[in-house]
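Working notes, beginning with the structure itself.
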Amino acid sequence: MKKFRHCLFMGMVGMALLGSGCNSDNEEVEPVIPAFELEKNSLSVSDNGGNFSIPYSIRNGIEGVLPTLSVAGEVDWVSGFEVDEHAVAFDVARNKSEKERACKVSVSYPGLEAGIDITLTQSGAVDREVMLELKHVDATSITVDVVPSDKNMTYFLMLEQAQTLIDYGMTTDELIYESDVRWIKKSLEVGVPIEDLVSVGDQIGLTYRGCLPETEYVLYAYGLDITDYSMLTDLVKINITTGEIELVDVGFDIQTHVEGSTLTVDVTPQAGYDGLYYVDAYEKPSFDFGLGQGQTVYEICYSNFESTLEIYQYLLGIPLEDALNMLALSGPGSREFTERKGGMTYVVAAFSLTDEGIVNSEPTTVEVKMESTEPESSNILTISVSDVEARSAILNVTTTNDDPYLAGARSCRLRGDDR
C-alpha cells in the first residue's frame with residue numbers, strides 16, 4: 001500500500017512538470033518597437049533658404065541603422081538629405097516667387113508603424129536692399145556705414161577706383177556683376193574661403209585706408225546668393241572723391257655710403273623742417289617700372305609707405321603712433337639698409353609725413369649703386385601678362401638660361417579694416 005501511494009505521487013509530480021513545460025513553450029515574445037522622436041515636427045524658413053538640421057533621439061534602435069529622409073510629390077526645392085547619429089539635415093533652395101510654399105519631409109526608420117513627417121514652410125520672396133552711407137572722407141581714407149535690410153543675407157561689397165571700372169569696361173551694373181562673379185569663382189578655385197569674399201550683417205564705421213588723394217572711387221554692393229551666384233537685390237553704389245593733401249615745400253640733403261651689402265643713408269632736412277619724415281631705398285628696375293606705368297614719384301613712394309604702415313598696424317597690431325616712432329625720423333638722422341643686392345642700383349627717397357602718417361611732400365631722390373659681390377647673371381627675363389580682368393591676370397615669365405630668379409605680383413587692392 002505504501003508502495004502504491006509513492007508511485008502515484010511520483011506520477012502526479014511528473015504530470016505537473018510535463019504540464020508546466022508545455023505552457024512555457026507556448027509563450028509569445030512581444031517585438032521591441034523603436035521609439036523615435038524629432039526635436040520639432042515643423043520648420044519655417046525664409047525665402048533665402050539654406051541648410052537646416054533637426055536633432056532627433058531614438059530608443060530601442062537597430063545598431064548601425066540610420067533614419068532615411070524623403071519628400072513626397074514633385075518638390076524640387078528640397079534636396080541634399082543628410083543623416084547622422086544625432087540629426088537629420090537638408091537643403092532648401094531660395095524661393096524666387098512671392099508665394100509661400102510648403103511640403104512634408106518624411107522620416108522613416110525600420111520598425112516604425114508609420115513615418116514621421118516634418119512640415120516645412122518657406123516664405124515668399126520679399127524686397128531687399130543694401131543701404132550705403134558715406135560717413136567721412138579725407139585725402140587717404142573713406143568711412144562708410146553698410147546696412148542690409150535682411151541681416152542674414154549675404155552680399156558683395158567693393159570699393160574700386162572709378163577709372164578702373166572704366167578701363168576694364170565695367171560700365172553697367174550687369175557688367176560689374178559678371179566681373180565680380182568671375183573673380184569670386186577664380187578665388188574659390190585657389191582656396192579662398194567664401195566668407196572672405198562676401199559679407200553678412202551691418203558694417204558700421206567700415207574704413208578703407210590707403211586711398212589715393214584727389215581720386216574718384218565707387219563703392220557698390222548687392223545681395224548675392226552664394227549657391228548659384230544670382231543677385232538678391234539691385235546693385236547700389238555711391239561715388240566718392242578723396243580730398244587733397246596739402247603738400248609742404250621741403251627738401252632733404254641725402255648722403256649715401258656703401259660697404260659690402262650694407263647701404264647707409266644720412267639725411268638732413270632743409271629749410272628748418274623739424275617734422276616727421278621717412279627714408280626708403282627702392283630697386284631702380286622696379287621704380288622705373290612704376291614710372292613707366294604712369295605713376296609719379298610721389299605715388300610710388302606714397303603707395304609703398306602706406307603698405308609698410310599697414311603691415312605694422314593691421315598685421316602686427318602696432319598702434320599708429322608707435323608705428324611712426326619706429327619708422328619715421330625727425331631732424332638729422334640716418335638709416336641703414338642691409339643685405340642689399342650686389343651690383344643693383346637703388347633709388348633712395350626721403351619725404352615728409354604728417355602726424356597721421358600721410359606723405360605730404362614731394363620726395364627727394366638720389367641713386368646709388370651697390371658693390372658687385374658676384375658675377376651678374378646673363379639670364380634675360382621676359383614678363384608678359386594675359387587674361388587680364390579687373391581683379392585677376394595670368395603672369396608669364398620666360399628665361400634665357402637656368403639661373404635662379406624671383407617673380408611675383410603685388411596687389412594694389414583696397415580693403416576695409418573689417419574685411
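Within each chain, counting starts at residue 1; across the C-alpha cells, chains are named A, B, ... in the order shown, with ligands numbered 1 upward in that order.
Surrounding segment 34-41 of chain A within 8 Å are A:Ile54, A:Pro55, A:Tyr56, A:Ser57, A:Ile58, A:Arg59, A:Asn60, A:Gly61, A:Gly111, A:Leu112, A:Asp117, A:Ile118, A:Thr119, with only C-alpha atoms counted and residues fewer than 4 positions along the same chain left out.
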> Which neighbours of Tyr302 of chain A fall inside 8 Å, counting only C-alpha atoms, when residues of the same chain fewer than 3 positions from it are skipped, and could you give them as a ChimeraX atom specification?
Replying inline: /A:298-299,305-306,358-359
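Each of A:Ile238, A:Cys103, A:Ile142, A:Leu276 was compared to Glu74 of chain A using only C-alpha atoms, and A:Cys103 turns out to be the nearest.
Backbone DSSP over segment 309-350 of chain A gives helix (DSSP H, G or I) for A:Leu309, A:Glu310, A:Ile311, A:Tyr312, A:Gln313, A:Tyr314, A:Leu315, A:Leu320, A:Glu321, A:Asp322, A:Ala323, A:Leu324, A:Asn325, A:Met326, A:Leu327.
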File dump, residues just selected, C-alpha atoms, as a compact mmCIF listing (two decimals), in the first residue's frame:
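Listing of part32.txt after writing:
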```txt
# COMPACT_ATOMS: atom_id res chain seq x y z
CA LEU A 309 52.45 101.26 -42.36
CA GLU A 310 49.53 98.86 -42.85
CA ILE A 311 51.77 95.89 -42.09
CA TYR A 312 52.76 97.47 -38.77
CA GLN A 313 49.21 98.49 -37.88
CA TYR A 314 46.97 95.71 -39.14
CA LEU A 315 49.25 92.68 -39.43
CA LEU A 320 49.79 104.24 -35.40
CA GLU A 321 51.79 106.44 -33.02
CA ASP A 322 54.12 103.59 -32.08
CA ALA A 323 54.49 102.53 -35.71
CA LEU A 324 55.53 106.05 -36.72
CA ASN A 325 58.03 106.17 -33.87
CA MET A 326 59.60 103.02 -35.27
CA LEU A 327 59.53 104.04 -38.94
```
Find the nearest atom pair between each residue of segment 155-187 of chain A and segment 384-406 of chain A for residues within 9 Å, count only C-alpha atoms, give distances in Å to one decimal, sort rows by chain and ascending number, and present the table as JSON lines.
```
{"residue": "A:Thr164", "atom": "CA", "partner": "A:Ala390", "partner_atom": "CA", "distance": 7.2}
{"residue": "A:Leu165", "atom": "CA", "partner": "A:Ala390", "partner_atom": "CA", "distance": 7.5}
{"residue": "A:Asp167", "atom": "CA", "partner": "A:Ala390", "partner_atom": "CA", "distance": 8.5}
{"residue": "A:Tyr168", "atom": "CA", "partner": "A:Ala390", "partner_atom": "CA", "distance": 5.9}
{"residue": "A:Gly169", "atom": "CA", "partner": "A:Ala390", "partner_atom": "CA", "distance": 8.9}
{"residue": "A:Met170", "atom": "CA", "partner": "A:Ala390", "partner_atom": "CA", "distance": 8.5}
{"residue": "A:Ser179", "atom": "CA", "partner": "A:Ala390", "partner_atom": "CA", "distance": 7.4}
{"residue": "A:Asp180", "atom": "CA", "partner": "A:Arg391", "partner_atom": "CA", "distance": 8.4}
{"residue": "A:Trp183", "atom": "CA", "partner": "A:Arg391", "partner_atom": "CA", "distance": 6.5}
{"residue": "A:Lys186", "atom": "CA", "partner": "A:Ser392", "partner_atom": "CA", "distance": 8.4}
```
Residues as selected, N, CA and C atoms, written as a JSON list (two decimals), in the first residue's frame, can you do that?
```
[["chain", "number", "residue", "atom", "x", "y", "z"],
["A", 164, "THR", "N", 39.24, 102.60, -62.86],
["A", 164, "THR", "CA", 39.46, 101.17, -63.06],
["A", 164, "THR", "C", 38.23, 100.52, -63.70],
["A", 165, "LEU", "N", 37.06, 100.87, -63.21],
["A", 165, "LEU", "CA", 35.83, 100.33, -63.79],
["A", 165, "LEU", "C", 35.70, 100.69, -65.26],
["A", 167, "ASP", "N", 38.27, 101.53, -67.31],
["A", 167, "ASP", "CA", 39.36, 100.90, -68.07],
["A", 167, "ASP", "C", 39.06, 99.45, -68.42],
["A", 168, "TYR", "N", 38.35, 98.74, -67.54],
["A", 168, "TYR", "CA", 38.06, 97.34, -67.79],
["A", 168, "TYR", "C", 36.64, 97.11, -68.30],
["A", 169, "GLY", "N", 36.02, 98.16, -68.80],
["A", 169, "GLY", "CA", 34.72, 98.02, -69.45],
["A", 169, "GLY", "C", 33.57, 97.70, -68.53],
["A", 170, "MET", "N", 33.74, 97.94, -67.23],
["A", 170, "MET", "CA", 32.68, 97.65, -66.26],
["A", 170, "MET", "C", 31.80, 98.90, -66.11],
["A", 179, "SER", "N", 31.70, 90.52, -63.81],
["A", 179, "SER", "CA", 33.11, 90.52, -63.48],
["A", 179, "SER", "C", 33.33, 90.04, -62.05],
["A", 180, "ASP", "N", 32.47, 90.47, -61.13],
["A", 180, "ASP", "CA", 32.58, 90.04, -59.73],
["A", 180, "ASP", "C", 32.45, 88.52, -59.61],
["A", 183, "TRP", "N", 35.51, 86.71, -60.73],
["A", 183, "TRP", "CA", 36.57, 86.86, -59.73],
["A", 183, "TRP", "C", 36.32, 85.97, -58.52],
["A", 186, "LYS", "N", 37.13, 82.32, -59.44],
["A", 186, "LYS", "CA", 38.57, 82.09, -59.51],
["A", 186, "LYS", "C", 39.20, 82.08, -58.12]]
```
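Atom CA of Thr268 of chain A is found 8.7 Å from atom CA of Ser334 of chain A.
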> Between A:Val137, A:Leu175, A:Val181, A:Cys301, which one has atoms that come closest to Gly243 of chain A, using only C-alpha atoms?
Replying inline: A:Val137
> Near Leu132 of chain A, counting only C-alpha atoms, which residues have an atom at most 7 Å away, once you skip same-chain residues fewer than 6 positions from it, shown as a PyMOL selection string?
Replying inline: chain A and resi 144-147
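The spacing separating atom CA of Gly343 of chain A from atom CA of Gly260 of chain A amounts to 10.2 Å.
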> Which residues come within 7 Å of Glu100 of chain A, counting only C-alpha atoms, excluding same-chain residues fewer than 2 positions away, as a PyMOL selection string?
Replying inline: chain A and resi 98+122-124
>> Write out as a PyMOL selection string the set of residues from segment 133-289 of chain A that DSSP, computed on the backbone, places in strand (DSSP E or B).
In response: chain A and resi 133-137+141-148+154-161+199-200+203-209+216-224+231+236-241+252-259+262-269+276-283
Written file, previous selection with C-alpha atoms, as a short mmCIF file (atom, residue, chain, number, x, y, z; two decimals), in the first residue's frame:
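This is the output file again_31.cif:
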```cif
data_model
loop_
_atom_site.label_atom_id
_atom_site.label_comp_id
_atom_site.auth_asym_id
_atom_site.auth_seq_id
_atom_site.Cartn_x
_atom_site.Cartn_y
_atom_site.Cartn_z
CA GLU A 133 26.02 105.89 -46.35
CA LEU A 134 29.22 107.92 -46.52
CA LYS A 135 30.30 108.98 -43.04
CA HIS A 136 33.73 110.53 -43.61
CA VAL A 137 36.24 111.07 -46.39
CA SER A 141 40.61 107.20 -46.21
CA ILE A 142 36.89 106.61 -46.67
CA THR A 143 34.49 105.62 -43.86
CA VAL A 144 31.01 104.26 -44.59
CA ASP A 145 28.05 102.54 -42.97
CA VAL A 146 26.74 99.42 -44.75
CA VAL A 147 23.27 98.34 -43.64
CA PRO A 148 21.43 95.45 -45.38
CA THR A 154 24.98 87.51 -47.94
CA TYR A 155 26.06 90.47 -50.03
CA PHE A 156 29.04 91.55 -52.10
CA LEU A 157 30.73 94.85 -51.23
CA MET A 158 33.56 96.51 -53.11
CA LEU A 159 35.42 99.81 -53.37
CA GLU A 160 37.07 100.47 -56.74
CA GLN A 161 38.65 103.44 -58.43
CA SER A 199 29.63 89.95 -46.10
CA VAL A 200 26.69 89.39 -43.76
CA GLN A 203 29.11 97.12 -41.05
CA ILE A 204 29.06 100.40 -39.17
CA GLY A 205 32.09 102.67 -39.47
CA LEU A 206 33.81 100.50 -42.08
CA THR A 207 37.01 102.33 -43.04
CA TYR A 208 39.04 101.94 -46.21
CA ARG A 209 42.59 103.24 -45.76
CA GLU A 216 37.23 109.27 -57.52
CA TYR A 217 36.11 105.93 -56.08
CA VAL A 218 32.93 103.89 -56.47
CA LEU A 219 31.58 101.93 -53.50
CA TYR A 220 28.95 99.39 -54.52
CA ALA A 221 27.06 96.46 -53.01
CA TYR A 222 24.33 93.96 -53.81
CA GLY A 223 22.80 90.85 -52.26
CA LEU A 224 24.35 87.66 -53.62
CA MET A 231 21.65 88.68 -57.39
CA VAL A 236 23.58 100.16 -55.26
CA LYS A 237 26.60 102.45 -55.48
CA ILE A 238 27.90 105.82 -54.37
CA ASN A 239 30.68 107.88 -55.94
CA ILE A 240 33.26 109.29 -53.53
CA THR A 241 36.17 111.63 -54.29
CA PHE A 252 66.35 116.78 -47.92
CA ASP A 253 70.11 116.52 -48.23
CA ILE A 254 70.89 112.82 -48.78
CA GLN A 255 74.35 111.29 -48.42
CA THR A 256 74.92 107.60 -49.13
CA HIS A 257 77.69 105.21 -48.08
CA VAL A 258 78.15 101.69 -49.45
CA GLU A 259 80.12 98.99 -47.66
CA THR A 262 75.12 97.49 -46.50
CA LEU A 263 73.80 100.86 -47.62
CA THR A 264 73.89 103.69 -45.05
CA VAL A 265 71.89 106.84 -45.73
CA ASP A 266 72.43 110.11 -43.83
CA VAL A 267 69.61 112.65 -44.20
CA THR A 268 69.37 116.30 -43.21
CA PRO A 269 66.04 118.13 -43.62
CA LEU A 276 58.48 113.63 -39.35
CA TYR A 277 59.98 112.15 -42.48
CA TYR A 278 60.70 108.71 -43.93
CA VAL A 279 63.62 107.27 -45.87
CA ASP A 280 63.44 104.25 -48.16
CA ALA A 281 65.54 102.55 -50.84
CA TYR A 282 63.87 101.09 -53.93
CA GLU A 283 65.42 98.84 -56.55
#
```
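The space between atom CA of Arg340 of chain A and atom CA of Glu371 of chain A spans 9.4 Å.
Remark: for Val65 of chain A, the closest of the candidate residues A:Ser378, A:Leu212, A:Tyr109, A:Lys99 is A:Tyr109 (distances computed over only C-alpha atoms).
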>> Just want the 8 Å neighbourhood of Glu339 of chain A, counted on only C-alpha atoms, with same-chain residues fewer than 2 positions away dropped. Output as a list in words.
In response: Ser261, Thr262, Phe337 and Lys341 of chain A
Expected file contents, prior selection, N, CA and C atoms, as an mmCIF file, in the first residue's frame:
```cif
data_model
loop_
_atom_site.group_PDB
_atom_site.id
_atom_site.type_symbol
_atom_site.label_atom_id
_atom_site.label_comp_id
_atom_site.auth_asym_id
_atom_site.auth_seq_id
_atom_site.Cartn_x
_atom_site.Cartn_y
_atom_site.Cartn_z
ATOM 1 N N SER A 261 77.393 94.753 -48.647
ATOM 2 C CA SER A 261 75.965 94.696 -48.950
ATOM 3 C C SER A 261 75.150 95.638 -48.084
ATOM 4 N N THR A 262 75.820 96.555 -47.385
ATOM 5 C CA THR A 262 75.123 97.494 -46.498
ATOM 6 C C THR A 262 75.142 98.895 -47.101
ATOM 7 N N PHE A 337 70.436 100.144 -44.502
ATOM 8 C CA PHE A 337 69.756 99.087 -45.253
ATOM 9 C C PHE A 337 70.763 97.958 -45.477
ATOM 10 N N LYS A 341 71.323 94.006 -52.748
ATOM 11 C CA LYS A 341 71.820 93.178 -53.840
ATOM 12 C C LYS A 341 73.095 93.772 -54.438
#
```
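The residue that comes closest to Arg128 of chain A, out of A:Pro213, A:Gln295, A:Thr233, A:Lys369 and on the basis of only C-alpha atoms, is A:Thr233.
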